[in-house]
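Dropping entry.txt in here (compact mmCIF, C-alpha atoms):
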# COMPACT_ATOMS: atom_id res chain seq x y z
CA ASP A 1 0.00 0.00 0.00
CA ASP A 2 3.04 2.30 0.16
CA CYS A 3 3.19 2.76 -3.61
CA ASP A 4 1.21 2.47 -6.84
CA MET A 5 3.98 0.75 -8.79
CA ALA A 6 7.04 -1.20 -7.62
CA CYS A 7 10.07 -1.85 -9.82
CA SER A 8 13.09 -4.09 -9.32
CA TRP A 9 16.23 -4.49 -11.41
CA PHE A 10 17.39 -7.22 -13.79
CA GLU A 11 20.47 -9.06 -15.00
CA THR A 12 21.15 -9.46 -18.71
CA VAL A 13 22.05 -13.08 -19.45
CA TYR A 14 23.38 -13.98 -22.89
CA GLU A 15 22.66 -17.24 -24.63
CA GLY A 16 25.12 -19.91 -23.51
CA GLU A 17 25.90 -18.16 -20.22
CA ARG A 18 24.55 -18.60 -16.71
CA PRO A 19 23.15 -15.93 -14.38
CA LYS A 20 25.68 -14.42 -12.00
CA THR A 21 23.15 -13.00 -9.55
CA HIS A 22 21.50 -15.09 -6.84
CA LEU A 23 17.91 -14.06 -6.17
CA VAL A 24 17.13 -12.97 -2.61
CA THR A 25 13.83 -12.28 -0.88
CA ALA A 26 15.01 -9.46 1.41
CA LEU A 27 14.39 -6.01 -0.06
CA VAL A 28 17.52 -4.10 -1.09
CA ASN A 29 17.71 -0.28 -1.23
CA TYR A 30 13.96 0.23 -1.00
CA LYS A 31 13.29 3.84 -2.11
CA LEU A 32 10.09 5.72 -2.82
CA ASN A 33 10.03 8.17 -5.73
CA ASP A 34 7.58 10.70 -7.06
CA LYS A 35 6.80 10.96 -10.77
CA TYR A 36 9.71 13.30 -11.49
CA GLY A 37 12.22 11.17 -9.63
CA TYR A 38 11.19 7.95 -11.31
CA LEU A 39 11.12 9.41 -14.82
CA GLY A 40 14.60 10.84 -14.34
CA LYS A 41 16.02 7.48 -13.30
CA MET A 42 14.17 5.74 -16.14
CA LEU A 43 15.42 8.11 -18.82
CA TYR A 44 18.99 7.79 -17.56
CA GLN A 45 18.43 4.03 -17.22
CA GLN A 46 19.59 4.16 -13.61
CA VAL A 47 17.98 1.19 -11.81
CA ALA A 48 14.73 1.92 -13.66
CA GLU A 49 13.50 0.99 -17.12
CA SER A 50 10.35 1.49 -19.20
CA SER A 51 9.89 -2.27 -19.66
CA ALA A 52 6.62 -3.90 -18.66
CA TRP A 53 8.42 -6.75 -16.90
CA GLY A 54 10.10 -6.37 -13.54
CA LYS A 55 7.22 -4.37 -12.12
CA LEU A 56 4.16 -4.75 -9.93
CA TYR A 57 1.21 -2.42 -10.53
CA LYS A 58 -1.96 -1.59 -8.70
CA LYS A 59 -4.91 -2.93 -10.66
CA LYS A 60 -6.54 0.49 -10.95
CA ILE A 61 -3.78 1.65 -13.32
CA PHE A 62 -4.95 -0.73 -16.04
CA GLN A 63 -8.69 -0.31 -15.66
CA GLU A 64 -8.73 1.54 -18.99
CA LEU A 65 -5.08 1.68 -20.05
CA ARG A 66 -3.81 -0.95 -22.50
CA TYR A 67 -0.58 -1.63 -24.37
CA PRO A 68 -0.87 -1.03 -28.13
CA LYS A 69 -1.23 -4.23 -30.15
CA GLY A 70 0.94 -5.17 -33.09
CA HIS A 71 3.80 -2.80 -32.26
CA LEU A 72 7.32 -3.17 -30.93
CA TYR A 73 8.50 -1.22 -27.87
CA GLU A 74 4.92 -0.95 -26.67
CA ASP A 75 6.21 -0.31 -23.15
CA ILE A 76 7.64 3.07 -24.22
CA ALA A 77 4.24 3.99 -25.65
CA ILE A 78 2.44 4.05 -22.30
CA ILE A 79 5.06 4.27 -19.54
CA HIS A 80 4.36 7.99 -19.05
CA LYS A 81 0.63 7.24 -18.86
CA ILE A 82 1.33 4.66 -16.18
CA VAL A 83 3.55 7.05 -14.22
CA GLU A 84 0.96 9.79 -14.47
CA GLN A 85 -1.44 7.62 -12.47
CA CYS A 86 1.09 6.99 -9.70
CA GLU A 87 1.66 9.15 -6.66
CA ARG A 88 4.53 7.08 -5.32
CA ILE A 89 6.75 4.61 -7.14
CA CYS A 90 9.02 2.23 -5.32
CA ILE A 91 12.39 1.29 -6.80
CA ILE A 92 13.95 -1.82 -5.29
CA GLY A 93 17.61 -2.66 -5.78
CA ASN A 94 16.95 -6.40 -5.97
CA VAL A 95 17.69 -8.30 -9.16
CA ASP A 96 14.40 -10.17 -9.62
CA TYR A 97 14.43 -10.75 -13.37
CA TYR A 98 16.79 -12.50 -15.77
CA TYR A 99 16.69 -10.78 -19.15
CA TRP A 100 17.64 -13.61 -21.50
CA GLN A 101 19.30 -12.57 -24.75
CA ARG A 102 18.66 -15.23 -27.41
CA LYS A 103 19.74 -15.20 -31.03
CA THR A 104 16.10 -15.69 -32.04
CA SER A 105 14.81 -12.73 -30.02
CA ILE A 106 13.61 -9.45 -31.51
CA MET A 107 16.82 -7.75 -30.39
CA TYR A 108 18.84 -9.94 -32.75
CA GLN A 109 16.60 -9.80 -35.79
CA PRO A 110 17.60 -7.83 -38.92
CA PHE A 111 16.35 -4.26 -38.99
CA SER A 112 12.76 -3.70 -40.02
CA GLU A 113 10.76 -0.50 -40.26
CA GLN A 114 8.68 -1.69 -37.31
CA GLN A 115 11.67 -1.09 -35.05
CA MET A 116 11.19 2.63 -35.68
CA ASP A 117 8.20 2.37 -33.32
CA ALA A 118 10.70 2.96 -30.52
CA ILE A 119 11.67 6.39 -31.85
CA TYR A 120 8.11 7.44 -32.64
CA TYR A 121 7.01 6.48 -29.14
CA LEU A 122 10.02 8.25 -27.65
CA ASN A 123 9.08 11.41 -29.52
CA ASP A 124 5.62 11.23 -27.94
CA LEU A 125 7.27 10.73 -24.56
CA GLY A 126 9.46 13.77 -25.28
CA GLU A 127 6.41 15.96 -25.84
CA TYR A 128 5.05 14.80 -22.48
CA ILE A 129 8.38 15.53 -20.77
CA ASN A 130 8.66 19.01 -22.32
CA LYS A 131 5.14 19.85 -21.23
CA LYS A 132 5.12 18.43 -17.70
CA TYR A 133 8.74 18.02 -16.63
CA PRO A 134 11.05 20.31 -18.66
CA GLY A 135 13.74 19.80 -16.04
CA LEU A 136 14.19 16.27 -17.45
CA TYR A 137 15.09 17.49 -20.93
CA LYS A 138 18.73 16.39 -20.68
CA ALA A 139 17.72 12.98 -19.37
CA PHE A 140 15.34 12.57 -22.30
CA CYS A 141 18.06 13.54 -24.79
CA CYS A 142 20.28 10.83 -23.29
CA ARG A 143 17.61 8.16 -23.69
CA HIS A 144 16.74 9.27 -27.21
CA LEU A 145 20.36 9.23 -28.34
CA SER A 146 20.92 5.79 -26.81
CA MET A 147 17.89 4.31 -28.55
CA SER A 148 18.67 5.98 -31.88
CA SER A 149 22.23 4.66 -31.73
CA ASN A 150 21.06 1.17 -30.90
CA ILE A 151 18.62 1.03 -33.82
CA ILE A 152 20.78 2.70 -36.47
CA CYS A 153 23.53 0.16 -35.81
CA ARG A 154 21.18 -2.67 -36.73
CA ILE A 155 20.68 -1.34 -40.25
CA GLU A 156 22.80 -3.28 -42.72
CA ASP A 157 21.12 -2.22 -45.98
CA GLU A 158 21.63 1.55 -45.77
CA LYS A 159 20.47 2.18 -49.34
CA ARG A 160 17.13 0.44 -48.78
CA TYR A 161 16.57 2.23 -45.48
CA LYS A 162 18.09 5.58 -46.41
CA PHE A 163 15.18 7.54 -44.93
CA GLN A 164 15.41 5.71 -41.59
CA VAL A 165 19.21 6.13 -41.45
CA ASN A 166 18.94 9.88 -42.06
CA PHE A 167 16.09 10.21 -39.57
CA LEU A 168 18.02 8.41 -36.84
CA TRP A 169 21.32 10.14 -37.59
CA ASN A 170 19.68 13.57 -37.48
CA GLY A 171 18.21 12.68 -34.11
CA ILE A 172 21.65 11.72 -32.83
CA LYS A 173 23.16 14.98 -34.09
CA GLU A 174 20.33 16.98 -32.55
CA ASN A 175 20.90 15.54 -29.06
CA ARG A 176 24.63 14.84 -28.99
CA MET A 177 25.89 18.15 -27.58
CA VAL A 178 23.41 18.07 -24.70
CA VAL A 179 24.33 14.45 -23.91
CA LEU A 180 28.08 15.00 -24.23
CA LEU A 181 28.01 17.85 -21.69
CA ASP A 182 25.61 16.14 -19.29
CA LEU A 183 27.66 14.85 -16.36
CA ASP A 184 24.67 12.80 -15.21
CA GLY A 185 24.39 10.97 -18.53
CA ARG A 186 25.35 7.33 -19.08
CA LYS A 187 28.99 6.88 -19.99
CA LYS A 188 28.13 4.86 -23.10
CA ALA A 189 25.69 7.54 -24.28
CA ARG A 190 28.24 10.30 -23.74
CA LEU A 191 30.85 8.26 -25.59
CA ALA A 192 28.45 7.76 -28.51
CA ALA A 193 27.69 11.48 -28.50
CA GLY A 194 31.37 12.37 -28.64
CA VAL A 195 32.23 9.87 -31.36
CA SER A 196 29.31 11.07 -33.50
CA PHE A 197 31.16 14.38 -34.00
CA LEU A 198 33.78 12.56 -36.05
CA GLU A 199 32.02 10.83 -38.92
CA TYR A 200 29.12 8.47 -39.48
CA LYS A 201 31.12 5.41 -40.51
CA PHE A 202 33.53 5.74 -37.59
CA PHE A 203 30.60 6.17 -35.21
CA MET A 204 29.02 2.98 -36.57
CA PHE A 205 32.25 1.04 -36.19
CA VAL A 206 32.91 2.16 -32.60
CA TYR A 207 29.32 1.72 -31.43
CA LYS A 208 29.06 -1.79 -32.84
CA GLN A 209 32.23 -2.76 -30.98
CA THR A 210 30.56 -1.85 -27.70
CA GLN A 211 27.48 -3.98 -28.29
CA LYS A 212 27.63 -7.46 -26.85
CA ARG A 213 25.12 -9.61 -28.71
CA GLY A 214 25.99 -13.01 -27.33
CA LYS A 215 28.16 -15.63 -28.95

Let me see the structure of the file written as structure tokens.
Amino acid sequence: DDCDMACSWFETVYEGERPKTHLVTALVNYKLNDKYGYLGKMLYQQVAESSAWGKLYKKKIFQELRYPKGHLYEDIAIIHKIVEQCERICIIGNVDYYYWQRKTSIMYQPFSEQQMDAIYYLNDLGEYINKKYPGLYKAFCCRHLSMSSNIICRIEDEKRYKFQVNFLWNGIKENRMVVLLDLDGRKKARLAAGVSFLEYKFFMFVYKQTQKRGK
């Protein structure tokens, strides 16, 4: 009853590997957050994510709210609508979820236009942030650059997806200075922002080297 939504953390486990974390029942670093606090941690990906898994919700939140059908990254589409219905959100330091990375999962599939759902939903989230929580602008830029970098590096056929490449690259260029100078930003995001000032091909090479996709 202390909160409307509770979130724990996860461990990424790649195919062929075993989890390193042992699950425990005792609560670790139990902290209550308001909307602003949670959104900031989520956008910086600091012990909070937009994912539907790894969370417990009060039933009232989903009386009318639903995830969009037939889309990827549907969690990004409604996370701000979920948060808007919460007065207090609990973030727990426990690792309660193993995020298995399989070669057959969506994350490993060749690029498709459907993956652009993530950016379109993020843009909607950005409008919400600018309207309600402008103080989180830098955090949003960090999340947007990270997602844009992740998706653009999946595109192998750049001629076929020229529009998508340009769209994503322009988004990276638009946010990179803010992210580079943001001392609160993720190190990987700030590195990507800095490298993007060199050239596109070098950025693609460096970013791909930092992505572990299993064996």

Kindly provide, as AutoDock Vina command-line options, the centre and edge lengths (Å, one decimal) of an axis-aligned box around all atoms of range 113-131 of chain A given in the file, with 8 Å on each side.
--center_x 8.4 --center_y 9.1 --center_z -30.5 --size_x 22.6 --size_y 37.5 --size_z 35.5

What are the nearest atom pairs, with distances in Å to one decimal, for all residues of range 78-150 of chain A that come at most 10 Å from range 43-67 of chain A, using all atoms listed in the file, set out by chain and rising residue number as CSV?
residue,atom,partner,partner_atom,distance
A:Ile78,CA,A:Tyr67,CA,6.8
A:Ile79,CA,A:Ser50,CA,6.0
A:His80,CA,A:Ser50,CA,8.8
A:Lys81,CA,A:Leu65,CA,8.1
A:Ile82,CA,A:Ile61,CA,6.6
A:Val83,CA,A:Ile61,CA,9.1
A:Glu84,CA,A:Ile61,CA,9.5
A:Gln85,CA,A:Ile61,CA,6.5
A:Cys86,CA,A:Ile61,CA,8.1
A:Ile89,CA,A:Tyr57,CA,9.6
A:Cys90,CA,A:Lys55,CA,9.6
A:Ile91,CA,A:Ala48,CA,7.3
A:Ile92,CA,A:Val47,CA,8.2
A:Gly93,CA,A:Val47,CA,7.2
A:Asn94,CA,A:Val47,CA,9.6
A:Val95,CA,A:Gly54,CA,9.0
A:Asp96,CA,A:Gly54,CA,6.9
A:Tyr97,CA,A:Gly54,CA,6.2
A:Tyr98,CA,A:Gly54,CA,9.3
A:Tyr99,CA,A:Trp53,CA,9.5
A:Leu136,CA,A:Leu43,CA,8.4
A:Tyr137,CA,A:Leu43,CA,9.6
A:Lys138,CA,A:Leu43,CA,9.1
A:Ala139,CA,A:Leu43,CA,5.4
A:Phe140,CA,A:Leu43,CA,5.7
A:Cys141,CA,A:Leu43,CA,8.5
A:Cys142,CA,A:Tyr44,CA,6.6
A:Arg143,CA,A:Leu43,CA,5.3
A:His144,CA,A:Leu43,CA,8.6
A:Ser146,CA,A:Tyr44,CA,9.7

Spatial neighbours of range 68-73 of chain A, max dist 10 Å, all atoms listed in the file, sep filter under 4 positions, as a PyMOL selection string: chain A and resi 50-52+77-78+106+114-122

Surrounding residues of range 204-210 of chain A excluding itself and chain neighbours under 2 positions, 12 Å, only C-alpha atoms, as a VMD selection string: chain A and resid 146 148 to 156 158 165 169 187 to 202 212 to 213

Among listed residues A:Lys41, A:Lys159, A:Arg102, A:Lys131, nearest Asp184 in chain A (using all atoms listed in the file): A:Lys41

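Going from CA of Lys103 in chain A over to CA of Glu11 in chain A, you cover 17.2 Å.
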
Two-atom distance - CA of Trp9 in chain A, CA of Leu125 in chain A (Å):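 Distance between the two atoms: 22.0 Å.
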
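Proximity of A:Asp157, A:Val24, A:Gly126, A:Lys31 to Cys7 in chain A, computed with all atoms listed in the file, is greatest for A:Lys31.
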
Option closest in space to Leu23 in chain A, from A:Ile172, A:Phe10, A:Lys35, A:Arg88 [counting only C-alpha atoms]: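 Closest candidate: A:Phe10.
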